[in-house]
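Text of input33.cif, listed as mmCIF, C-alpha atoms and all ligand atoms:
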data_upload
loop_
_atom_site.label_atom_id
_atom_site.label_comp_id
_atom_site.auth_asym_id
_atom_site.auth_seq_id
_atom_site.Cartn_x
_atom_site.Cartn_y
_atom_site.Cartn_z
CA MET A 1 10.37 -55.25 -33.26
CA ARG A 2 10.37 -51.72 -31.97
CA GLN A 3 8.68 -50.66 -35.15
CA THR A 4 6.06 -53.38 -34.78
CA LEU A 5 5.34 -52.43 -31.17
CA SER A 6 4.90 -48.76 -31.98
CA ALA A 7 2.65 -49.69 -34.91
CA VAL A 8 0.50 -51.78 -32.56
CA LEU A 9 0.42 -48.97 -29.99
CA ALA A 10 -0.50 -46.45 -32.68
CA ALA A 11 -3.25 -48.75 -33.88
CA VAL A 12 -4.61 -49.12 -30.33
CA VAL A 13 -4.53 -45.38 -29.73
CA LEU A 14 -6.14 -44.62 -33.10
CA CYS A 15 -8.77 -47.27 -32.54
CA GLY A 16 -9.51 -45.86 -29.10
CA LEU A 17 -9.89 -42.35 -30.53
CA ALA A 18 -12.13 -43.63 -33.28
CA MET A 19 -14.31 -45.41 -30.72
CA ALA A 20 -14.50 -42.30 -28.57
CA ALA A 21 -15.48 -40.26 -31.61
CA ASN A 22 -18.15 -42.78 -32.67
CA ALA A 23 -19.64 -43.45 -29.25
CA PRO A 24 -22.54 -41.02 -28.92
CA ALA A 25 -22.54 -38.95 -25.73
CA PRO A 26 -25.18 -40.50 -23.47
CA ASP A 27 -28.37 -38.42 -23.46
CA PHE A 28 -29.07 -39.19 -19.84
CA LYS A 29 -27.38 -40.58 -16.74
CA LEU A 30 -28.84 -43.05 -14.29
CA GLU A 31 -28.88 -42.09 -10.64
CA PRO A 32 -29.76 -44.65 -7.95
CA LEU A 33 -32.13 -43.12 -5.37
CA GLY A 34 -32.72 -46.10 -3.11
CA ALA A 35 -33.31 -49.86 -3.41
CA GLY A 36 -34.61 -50.44 -6.94
CA VAL A 37 -35.42 -46.77 -7.59
CA TRP A 38 -33.59 -44.92 -10.34
CA ALA A 39 -33.75 -41.48 -11.86
CA ALA A 40 -32.71 -41.01 -15.50
CA ILE A 41 -31.48 -37.43 -15.69
CA GLY A 42 -31.57 -35.99 -19.19
CA ASN A 43 -28.95 -33.49 -20.39
CA ASP A 44 -30.32 -29.99 -21.08
CA GLY A 45 -30.74 -29.75 -24.84
CA GLY A 46 -29.99 -33.46 -25.36
CA LYS A 47 -32.15 -36.02 -27.17
CA ALA A 48 -33.77 -37.30 -23.95
CA GLY A 49 -35.18 -33.79 -23.49
CA ALA A 50 -36.32 -34.37 -19.90
CA ASN A 51 -35.89 -36.65 -16.92
CA ALA A 52 -37.44 -40.08 -16.53
CA GLY A 53 -37.11 -42.83 -13.94
CA PHE A 54 -38.07 -46.35 -12.98
CA VAL A 55 -38.97 -48.48 -9.99
CA VAL A 56 -38.19 -52.19 -9.74
CA GLY A 57 -40.59 -54.23 -7.58
CA ASP A 58 -40.97 -57.95 -6.83
CA ASP A 59 -42.68 -58.85 -10.08
CA GLY A 60 -42.09 -56.03 -12.51
CA VAL A 61 -40.99 -52.51 -13.31
CA ALA A 62 -42.84 -49.18 -13.45
CA VAL A 63 -41.34 -46.48 -15.65
CA ILE A 64 -41.98 -42.78 -15.10
CA ASP A 65 -42.02 -40.81 -18.38
CA THR A 66 -40.49 -41.84 -21.71
CA PHE A 67 -38.33 -38.94 -22.97
CA GLU A 68 -38.61 -36.71 -26.04
CA ASP A 69 -36.97 -39.15 -28.44
CA PRO A 70 -37.77 -42.83 -29.08
CA GLY A 71 -34.02 -43.55 -29.47
CA ALA A 72 -33.36 -42.26 -25.95
CA ALA A 73 -36.35 -44.34 -24.75
CA LYS A 74 -34.76 -47.45 -26.32
CA ASP A 75 -31.50 -46.63 -24.51
CA LEU A 76 -33.44 -46.34 -21.24
CA LEU A 77 -35.10 -49.71 -21.86
CA ALA A 78 -31.65 -51.22 -22.53
CA GLU A 79 -30.35 -49.76 -19.24
CA ILE A 80 -33.33 -51.25 -17.36
CA ARG A 81 -32.60 -54.62 -18.99
CA LYS A 82 -29.03 -54.48 -17.59
CA ILE A 83 -30.51 -54.10 -14.10
CA THR A 84 -33.46 -56.51 -14.15
CA PRO A 85 -35.10 -59.08 -16.45
CA LEU A 86 -38.52 -58.41 -14.83
CA PRO A 87 -41.29 -57.26 -17.19
CA ILE A 88 -41.99 -53.54 -17.70
CA ARG A 89 -45.56 -53.59 -16.38
CA PHE A 90 -46.45 -49.91 -16.23
CA VAL A 91 -45.50 -46.54 -17.65
CA ILE A 92 -46.82 -43.41 -15.95
CA ASN A 93 -46.82 -40.23 -18.05
CA THR A 94 -46.52 -37.33 -15.61
CA HIS A 95 -48.15 -34.99 -18.21
CA TYR A 96 -48.78 -34.72 -21.95
CA HIS A 97 -45.77 -32.60 -23.09
CA LEU A 98 -43.78 -34.28 -25.85
CA ASP A 99 -40.54 -34.46 -23.86
CA HIS A 100 -42.28 -36.88 -21.45
CA VAL A 101 -44.34 -39.09 -23.83
CA ASN A 102 -42.56 -39.53 -27.17
CA GLY A 103 -41.03 -42.87 -26.17
CA ASN A 104 -44.37 -44.38 -25.07
CA ASP A 105 -44.48 -46.70 -28.09
CA VAL A 106 -41.09 -48.19 -27.18
CA PHE A 107 -42.39 -49.30 -23.77
CA ALA A 108 -45.82 -50.31 -25.11
CA ALA A 109 -44.00 -52.63 -27.55
CA ALA A 110 -42.16 -54.07 -24.53
CA GLY A 111 -45.56 -54.93 -23.00
CA ALA A 112 -46.19 -51.97 -20.66
CA THR A 113 -49.63 -50.57 -19.84
CA ILE A 114 -49.48 -46.78 -20.05
CA LEU A 115 -51.31 -44.72 -17.43
CA ALA A 116 -51.90 -41.00 -17.04
CA GLN A 117 -54.31 -38.40 -15.76
CA ARG A 118 -57.41 -38.21 -17.98
CA ASN A 119 -56.40 -34.95 -19.70
CA VAL A 120 -53.13 -36.45 -20.99
CA ARG A 121 -55.07 -38.72 -23.34
CA ASN A 122 -57.12 -35.77 -24.61
CA TRP A 123 -54.17 -33.45 -25.15
CA GLU A 124 -51.25 -35.65 -26.20
CA ARG A 125 -51.96 -35.75 -29.95
CA THR A 126 -53.43 -32.23 -30.25
CA GLU A 127 -51.79 -29.80 -27.82
CA ASN A 128 -48.32 -31.17 -28.70
CA LEU A 129 -48.70 -29.74 -32.22
CA LYS A 130 -48.41 -26.20 -30.85
CA TRP A 131 -44.63 -26.39 -30.28
CA TRP A 132 -44.14 -26.00 -34.07
CA GLY A 133 -46.96 -23.59 -34.97
CA ASP A 134 -47.90 -23.30 -38.66
CA LYS A 135 -44.45 -24.41 -39.81
CA ILE A 136 -44.85 -27.97 -38.62
CA LYS A 137 -43.42 -30.52 -41.09
CA PRO A 138 -45.87 -33.18 -42.31
CA GLU A 139 -43.77 -36.01 -40.84
CA VAL A 140 -43.60 -34.29 -37.43
CA LYS A 141 -47.35 -33.70 -37.49
CA ALA A 142 -47.97 -37.34 -38.41
CA ARG A 143 -45.73 -38.47 -35.55
CA VAL A 144 -47.52 -36.29 -32.97
CA GLN A 145 -50.92 -37.43 -34.25
CA SER A 146 -49.94 -41.07 -33.83
CA LEU A 147 -48.22 -40.86 -30.43
CA LYS A 148 -49.02 -43.82 -28.22
CA LEU A 149 -51.78 -42.70 -25.85
CA PRO A 150 -52.30 -43.85 -22.26
CA ASP A 151 -54.26 -47.13 -22.06
CA VAL A 152 -55.65 -46.30 -18.61
CA VAL A 153 -56.69 -42.88 -17.33
CA TYR A 154 -57.65 -41.65 -13.87
CA ASP A 155 -58.97 -38.38 -12.45
CA SER A 156 -57.15 -37.87 -9.17
CA GLY A 157 -54.82 -40.84 -8.86
CA VAL A 158 -54.25 -44.57 -8.69
CA ASP A 159 -52.17 -47.04 -6.64
CA LEU A 160 -50.08 -49.59 -8.50
CA PHE A 161 -48.54 -52.69 -6.95
CA LEU A 162 -45.32 -54.27 -8.15
CA GLY A 163 -45.79 -57.32 -5.96
CA SER A 164 -45.52 -55.93 -2.44
CA ARG A 165 -44.10 -52.61 -3.61
CA LYS A 166 -46.64 -49.78 -3.70
CA VAL A 167 -46.42 -47.01 -6.28
CA GLU A 168 -48.74 -44.10 -5.50
CA VAL A 169 -49.75 -41.88 -8.42
CA ARG A 170 -51.48 -38.61 -7.56
CA SER A 171 -52.65 -35.74 -9.75
CA TYR A 172 -52.01 -32.09 -8.85
CA PRO A 173 -52.82 -28.82 -10.62
CA GLY A 174 -50.37 -26.12 -11.65
CA HIS A 175 -48.19 -27.02 -14.61
CA THR A 176 -50.71 -28.19 -17.25
CA GLY A 177 -53.88 -29.19 -15.43
CA GLY A 178 -53.15 -32.85 -16.11
CA ASP A 179 -49.98 -33.56 -14.11
CA SER A 180 -49.21 -36.42 -11.75
CA ILE A 181 -46.50 -37.24 -9.26
CA VAL A 182 -45.31 -40.76 -8.46
CA TYR A 183 -44.56 -41.45 -4.80
CA ILE A 184 -42.48 -44.42 -3.71
CA HIS A 185 -43.21 -44.46 0.00
CA ASP A 186 -40.79 -47.26 0.93
CA ALA A 187 -37.88 -45.38 -0.68
CA GLY A 188 -38.89 -41.83 0.31
CA VAL A 189 -38.83 -40.68 -3.31
CA VAL A 190 -41.28 -38.45 -5.19
CA PHE A 191 -41.04 -38.29 -8.98
CA CYS A 192 -42.56 -34.85 -9.60
CA GLY A 193 -42.55 -34.61 -13.39
CA ASP A 194 -42.65 -30.95 -14.41
CA LEU A 195 -44.44 -29.89 -11.22
CA PHE A 196 -40.87 -29.38 -9.94
CA TRP A 197 -37.96 -27.87 -11.90
CA ASN A 198 -34.72 -27.95 -9.93
CA HIS A 199 -32.64 -24.83 -10.48
CA HIS A 200 -34.32 -24.50 -13.90
CA ILE A 201 -36.82 -21.93 -15.17
CA PRO A 202 -40.10 -23.77 -15.92
CA ASN A 203 -42.21 -23.86 -19.06
CA LEU A 204 -45.41 -22.01 -18.11
CA ILE A 205 -47.25 -22.24 -21.43
CA ASP A 206 -50.16 -24.20 -19.88
CA ALA A 207 -49.57 -23.20 -16.27
CA THR A 208 -51.81 -21.84 -13.55
CA THR A 209 -49.26 -20.56 -11.07
CA LYS A 210 -51.99 -19.70 -8.56
CA ALA A 211 -52.76 -23.42 -8.18
CA TRP A 212 -49.13 -24.47 -8.55
CA VAL A 213 -47.86 -22.68 -5.41
CA PRO A 214 -50.10 -24.70 -3.01
CA THR A 215 -49.39 -27.89 -5.01
CA LEU A 216 -45.72 -27.49 -4.05
CA ASP A 217 -46.74 -27.29 -0.36
CA ALA A 218 -48.56 -30.60 -0.89
CA LEU A 219 -45.47 -32.18 -2.49
CA MET A 220 -43.25 -31.05 0.39
CA GLY A 221 -45.89 -32.53 2.68
CA TYR A 222 -44.94 -36.03 1.51
CA GLY A 223 -41.90 -35.70 3.74
CA ALA A 224 -39.79 -37.52 1.18
CA GLY A 225 -36.01 -37.28 1.19
CA LYS A 226 -35.68 -37.04 -2.58
CA PHE A 227 -37.68 -35.15 -5.17
CA VAL A 228 -36.97 -35.91 -8.83
CA PRO A 229 -37.79 -32.92 -11.05
CA GLY A 230 -38.83 -33.03 -14.70
CA HIS A 231 -35.70 -31.03 -15.51
CA GLY A 232 -32.54 -30.69 -13.41
CA GLU A 233 -30.91 -32.86 -10.76
CA PRO A 234 -32.81 -34.67 -8.00
CA GLY A 235 -33.23 -32.40 -4.99
CA THR A 236 -34.66 -32.20 -1.50
CA ALA A 237 -37.58 -30.25 -0.04
CA LEU A 238 -35.19 -27.26 0.12
CA GLU A 239 -34.95 -27.14 -3.67
CA VAL A 240 -38.73 -27.61 -4.02
CA LYS A 241 -39.11 -24.62 -1.67
CA ALA A 242 -36.68 -22.58 -3.82
CA PHE A 243 -38.75 -23.41 -6.90
CA GLN A 244 -41.93 -22.35 -5.10
CA GLN A 245 -40.15 -19.10 -4.20
CA TYR A 246 -39.41 -18.53 -7.89
CA LEU A 247 -43.10 -18.83 -8.78
CA GLY A 248 -44.00 -16.56 -5.86
CA ASP A 249 -41.40 -13.95 -6.85
CA LEU A 250 -42.60 -14.05 -10.46
CA ARG A 251 -46.26 -13.61 -9.51
CA ALA A 252 -45.45 -10.77 -7.10
CA ALA A 253 -43.22 -8.89 -9.57
CA VAL A 254 -45.75 -9.22 -12.42
CA ALA A 255 -48.64 -8.13 -10.17
CA GLN A 256 -46.66 -5.12 -9.00
CA ALA A 257 -45.84 -4.04 -12.57
CA GLN A 258 -49.50 -4.47 -13.55
CA SER A 259 -50.69 -2.36 -10.63
CA ALA A 260 -48.21 0.32 -11.77
CA GLY A 261 -50.11 0.34 -15.08
CA ARG A 262 -47.55 -1.58 -17.13
CA SER A 263 -48.40 -4.11 -19.81
CA GLY A 264 -46.82 -5.75 -22.86
CA ASP A 265 -43.16 -5.04 -23.49
CA ALA A 266 -42.95 -2.37 -20.79
CA LEU A 267 -44.07 -4.93 -18.22
CA VAL A 268 -41.46 -7.45 -19.40
CA GLN A 269 -38.74 -4.76 -19.24
CA ALA A 270 -39.78 -3.86 -15.69
CA VAL A 271 -39.87 -7.45 -14.37
CA LEU A 272 -36.99 -9.14 -16.23
CA PRO A 273 -34.15 -7.37 -14.35
CA GLN A 274 -35.68 -8.38 -11.00
CA MET A 275 -35.80 -12.03 -12.06
CA GLN A 276 -32.31 -11.79 -13.57
CA ALA A 277 -30.87 -10.50 -10.29
CA LYS A 278 -31.94 -13.67 -8.50
CA TYR A 279 -32.30 -16.43 -11.10
CA ALA A 280 -29.89 -15.68 -13.98
CA ASP A 281 -27.83 -18.80 -13.19
CA TRP A 282 -30.84 -21.15 -13.43
CA GLY A 283 -31.03 -23.42 -16.47
CA PHE A 284 -33.33 -22.31 -19.32
CA PHE A 285 -33.26 -18.66 -18.12
CA LYS A 286 -32.62 -17.49 -21.69
CA GLU A 287 -35.27 -19.82 -23.10
CA PHE A 288 -38.14 -19.22 -20.68
CA ALA A 289 -37.66 -16.15 -18.42
CA LYS A 290 -39.33 -13.69 -20.81
CA SER A 291 -42.24 -15.94 -21.74
CA ASN A 292 -42.71 -16.75 -18.02
CA ILE A 293 -43.35 -13.05 -17.42
CA GLU A 294 -45.71 -12.70 -20.40
CA GLN A 295 -47.66 -15.84 -19.54
CA THR A 296 -47.96 -14.96 -15.85
CA SER A 297 -49.16 -11.50 -16.87
CA GLN A 298 -51.88 -13.17 -18.98
CA GLU A 299 -52.79 -15.46 -16.11
CA LEU A 300 -53.15 -12.58 -13.63
CA ALA A 301 -55.14 -10.54 -16.17
CA GLY A 302 -57.47 -13.52 -16.77
CA THR A 303 -56.67 -13.69 -20.50
CA LYS A 304 -54.48 -16.80 -20.59
CA ARG A 305 -55.41 -19.58 -22.99
CA LEU A 306 -55.38 -22.97 -21.26
CA PRO A 307 -55.97 -26.44 -22.74
CA LYS A 308 -59.58 -27.51 -22.28
CA PRO A 309 -59.89 -30.23 -19.61
CA ALA A 310 -61.57 -33.54 -20.41
CA GLU A 311 -64.86 -34.20 -18.66
CA SER A 312 -64.15 -36.18 -15.53
CA ALA A 313 -65.68 -39.58 -14.91
CA ALA A 314 -67.68 -38.02 -12.04
CA ALA A 315 -69.22 -35.44 -14.39
CA ASN A 316 -70.26 -38.22 -16.75
CA LYS A 317 -72.25 -40.05 -14.09
CA PRO A 318 -76.00 -40.10 -14.73
CA GLN A 319 -78.11 -37.80 -12.55
CA VAL A 320 -80.11 -40.68 -11.09
CA PRO A 321 -77.52 -43.20 -10.01
CA TYR A 322 -77.78 -46.62 -11.56
CA LEU A 323 -78.51 -49.02 -8.76
CA PRO A 324 -76.98 -52.36 -9.55
CA LEU A 325 -79.17 -54.49 -7.36
CA ARG A 326 -81.47 -57.32 -8.34
CA VAL A 327 -84.90 -57.77 -6.77
CA GLN A 328 -87.80 -60.06 -7.51
CA VAL A 329 -91.00 -58.66 -8.95
CA GLY A 330 -93.32 -57.85 -6.08
CA GLU A 331 -90.49 -57.86 -3.54
CA LYS A 332 -90.15 -54.71 -1.48
CA ALA A 333 -87.05 -52.88 -2.63
CA PRO A 334 -85.01 -50.95 -0.09
CA ASP A 335 -85.12 -47.18 0.11
CA PHE A 336 -82.05 -45.31 -1.09
CA ALA A 337 -80.75 -41.95 -0.02
CA LEU A 338 -79.79 -39.90 -3.07
CA PRO A 339 -76.20 -38.74 -2.77
CA SER A 340 -77.00 -35.25 -4.07
CA ALA A 341 -80.25 -34.72 -2.11
CA SER A 342 -79.54 -36.51 1.08
CA ARG A 343 -82.73 -35.40 2.81
CA GLY A 344 -84.89 -37.33 0.36
CA THR A 345 -85.42 -41.02 -0.19
CA VAL A 346 -86.21 -42.94 -3.32
CA ARG A 347 -88.58 -45.83 -3.75
CA LEU A 348 -87.60 -48.58 -6.10
CA SER A 349 -89.60 -50.94 -8.14
CA ALA A 350 -88.54 -54.05 -9.97
CA LEU A 351 -88.66 -54.23 -13.73
CA GLN A 352 -87.39 -57.30 -15.51
CA GLY A 353 -85.40 -58.28 -12.48
CA ARG A 354 -83.66 -54.90 -12.17
CA ALA A 355 -84.28 -52.20 -9.60
CA VAL A 356 -85.59 -49.02 -11.17
CA LEU A 357 -86.37 -45.66 -9.65
CA LEU A 358 -90.10 -45.47 -8.94
CA ASP A 359 -90.28 -42.05 -7.40
CA PHE A 360 -88.52 -39.63 -5.15
CA TYR A 361 -89.88 -38.07 -1.98
CA GLU A 362 -88.56 -35.04 -0.09
CA GLY A 363 -88.54 -36.27 3.48
CA PHE A 364 -89.55 -39.71 4.65
CA TRP A 365 -92.23 -42.16 3.57
ZN ZN A 401 -40.68 -31.36 -19.48
#

Starting from the file, give its structure as C-alpha cells.
Amino acid sequence: MRQTLSAVLAAVVLCGLAMAANAPAPDFKLEPLGAGVWAAIGNDGGKAGANAGFVVGDDGVAVIDTFEDPGAAKDLLAEIRKITPLPIRFVINTHYHLDHVNGNDVFAAAGATILAQRNVRNWERTENLKWWGDKIKPEVKARVQSLKLPDVVYDSGVDLFLGSRKVEVRSYPGHTGGDSIVYIHDAGVVFCGDLFWNHHIPNLIDATTKAWVPTLDALMGYGAGKFVPGHGEPGTALEVKAFQQYLGDLRAAVAQAQSAGRSGDALVQAVLPQMQAKYADWGFFKEFAKSNIEQTSQELAGTKRLPKPAESAAANKPQVPYLPLRVQVGEKAPDFALPSASRGTVRLSALQGRAVLLDFYEGFW
C-alpha cells in the first residue's frame, strides 16, 4: 500500500513537472486597466515582440495592435474569447512595424476590419523588409510581402463606436510618420503604440525626434490616468514625461557634440557615456542606445533617410472642387466661394443635370 501510494505520488509529481516543462511560457500578460479595457504586455525578447490591447464595448471588441508573431496573436484572440463572446469588430494598427502588425491576418480571419493611418498601408509590406537587409530568407520576404494590410485608412484620425463606447484614434508625428494613439475617454486610458516607450530605449530608425517631443506634450494633454506604451509596462503622465526627457537629453547631447565638431564614431563615443549615466537601466539600452545617437545625429544634420509618406486624401482632391449638386438646365445655379481663393466667386452652369464650373471671377458679380 505504501509502495502504491508513493508510486502514485511520484507519478503525480513527474506528471506535474512534465506539464510545467511542456507549457510554453506565456509571451504576454493581460493587465486590466478599467472596465473592459485590457493591456497585453509582451515580454522583452518574447514572441509577442510588443504590447497590444483591447477594448470591450456593448456590441463588439476593438483590438490595438497584433504582435510580432501570429501564434502570439492567436493566444491573444483566445484570451479575448475567455472574456467576451462579442465579435472582434476592429483592429487598429498603431504603426507599420512588424512587431505591431504580424498577427493582422489572425484577427481578419476572425472578422475584424483593420484600420490604420494612411502610411501604414503604404509601408507595411515594403519598409518591413529592411529589418533583415540583403540576407532576408525567401520565406520571410514572402511573409512580409503578404502581410494583411489595413482595410480602412485615415489621415489624422477616426472615431469608432462599440455601441455607446467611443474609441478615439488620432495620428501624431514622431516615431514613424504614420503612428496613431487610441484614446478610451470613459476609462481614462491612452494606448500610445510606440509613441511612448516606458523605461525602454526607443527604436528611432524612422523617427523625427523634433516632432516627437511636442507629440508627447499632446499625449500628456489627454489628462488620462494610464498610458500604455508599445514596449514596457503601462505608466502615467510621469513616465511619459520621463520618456520625453530622454528624447530631449539625446537631442541636446548630440547637438552639443556636433557643435564641438564631432561626427561618426567620435560623436557616439562622446554622447554614449552621458546617456549611460542616466539611462543604462532602461530596457533595450544595449540594443538601441548607439543607433539612437547615430540616427539622431543624422536627423540633426538633415541627412536622415525617412520612409516616403503616402499622398494624403486632401492632396488628391481636384483643384476645382466637384460640386455634387443637381440643377435643371436654364435654372440659375448658386454662386460658390472657392475654398482656396475665398475672395472670388464661381458661376455654375448646368450640363446634363449636373452643376459644372462656368467661370471664376475675382471679386463679385
Ligand atoms: Zn514596437

Would you write out, as a Markdown table, a table of all residues in chain A that have an atom no more than 8 Å from an atom of ligand ZN 401 (chain A), listing for each the closest atom pair and the distance in Å to one decimal, considering all atoms listed in the file and ordering rows by chain and rising residue number?
| residue | atom | partner | partner_atom | distance |
| --- | --- | --- | --- | --- |
| A:Gly49 | CA | A:ZN401 | ZN | 7.2 |
| A:Ala50 | CA | A:ZN401 | ZN | 5.3 |
| A:Asn51 | CA | A:ZN401 | ZN | 7.6 |
| A:His97 | CA | A:ZN401 | ZN | 6.4 |
| A:Leu98 | CA | A:ZN401 | ZN | 7.7 |
| A:Asp99 | CA | A:ZN401 | ZN | 5.4 |
| A:His100 | CA | A:ZN401 | ZN | 6.1 |
| A:Gly193 | CA | A:ZN401 | ZN | 7.2 |
| A:Asp194 | CA | A:ZN401 | ZN | 5.5 |
| A:Asn203 | CA | A:ZN401 | ZN | 7.7 |
| A:Gly230 | CA | A:ZN401 | ZN | 5.4 |
| A:His231 | CA | A:ZN401 | ZN | 6.4 |

- Skipping near chain neighbours, those fewer than 6 positions away, what residues fall within 9 Å of A:Ala255 using all atoms listed in the file, listed as JSON, numbers by chain? {"A": [296, 297, 300]}

Take the residues that were just selected and, keeping C-alpha atoms, output them as a short mmCIF file (atom, residue, chain, number, x, y, z; two decimals), keeping the file's coordinate frame.
data_model
loop_
_atom_site.label_atom_id
_atom_site.label_comp_id
_atom_site.auth_asym_id
_atom_site.auth_seq_id
_atom_site.Cartn_x
_atom_site.Cartn_y
_atom_site.Cartn_z
CA THR A 296 -47.96 -14.96 -15.85
CA SER A 297 -49.16 -11.50 -16.87
CA LEU A 300 -53.15 -12.58 -13.63
#

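For stretch 73-87 of chain A, the set of protein, DNA and RNA residues having any atom at most 6 Å away, when counting all atoms listed in the file and skipping those fewer than 4 positions along the same chain, is Gly60, Thr66 and Gly103 of chain A.
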
- Message: List as a PyMOL selection string the residues having at least one atom at most 8 Å from position (-41.0, -41.9, -5.2) as given in the file, counting only C-alpha atoms.
- Response: chain A and resi 37+167+182-185+187-191+224+226-227

Can those selected residues be exported to a file as a short mmCIF file (atom, residue, chain, number, x, y, z; two decimals), in the coordinates of the input so that it contains C-alpha atoms?
data_model
loop_
_atom_site.label_atom_id
_atom_site.label_comp_id
_atom_site.auth_asym_id
_atom_site.auth_seq_id
_atom_site.Cartn_x
_atom_site.Cartn_y
_atom_site.Cartn_z
CA VAL A 37 -35.42 -46.77 -7.59
CA VAL A 167 -46.42 -47.01 -6.28
CA VAL A 182 -45.31 -40.76 -8.46
CA TYR A 183 -44.56 -41.45 -4.80
CA ILE A 184 -42.48 -44.42 -3.71
CA HIS A 185 -43.21 -44.46 0.00
CA ALA A 187 -37.88 -45.38 -0.68
CA GLY A 188 -38.89 -41.83 0.31
CA VAL A 189 -38.83 -40.68 -3.31
CA VAL A 190 -41.28 -38.45 -5.19
CA PHE A 191 -41.04 -38.29 -8.98
CA ALA A 224 -39.79 -37.52 1.18
CA LYS A 226 -35.68 -37.04 -2.58
CA PHE A 227 -37.68 -35.15 -5.17
#

- A:Val271 environment, 7 Å, only C-alpha atoms, sequence neighbours closer than 4 positions dropped, as an MDAnalysis selection string: chainID A and resid 253:254 267 275

Take the residues just selected and output them with C-alpha atoms as a JSON list (two decimals), keeping the file's coordinate frame.
[["chain", "number", "residue", "atom", "x", "y", "z"],
["A", 253, "ALA", "CA", -43.22, -8.89, -9.57],
["A", 254, "VAL", "CA", -45.75, -9.22, -12.42],
["A", 267, "LEU", "CA", -44.07, -4.93, -18.22],
["A", 275, "MET", "CA", -35.80, -12.03, -12.06]]
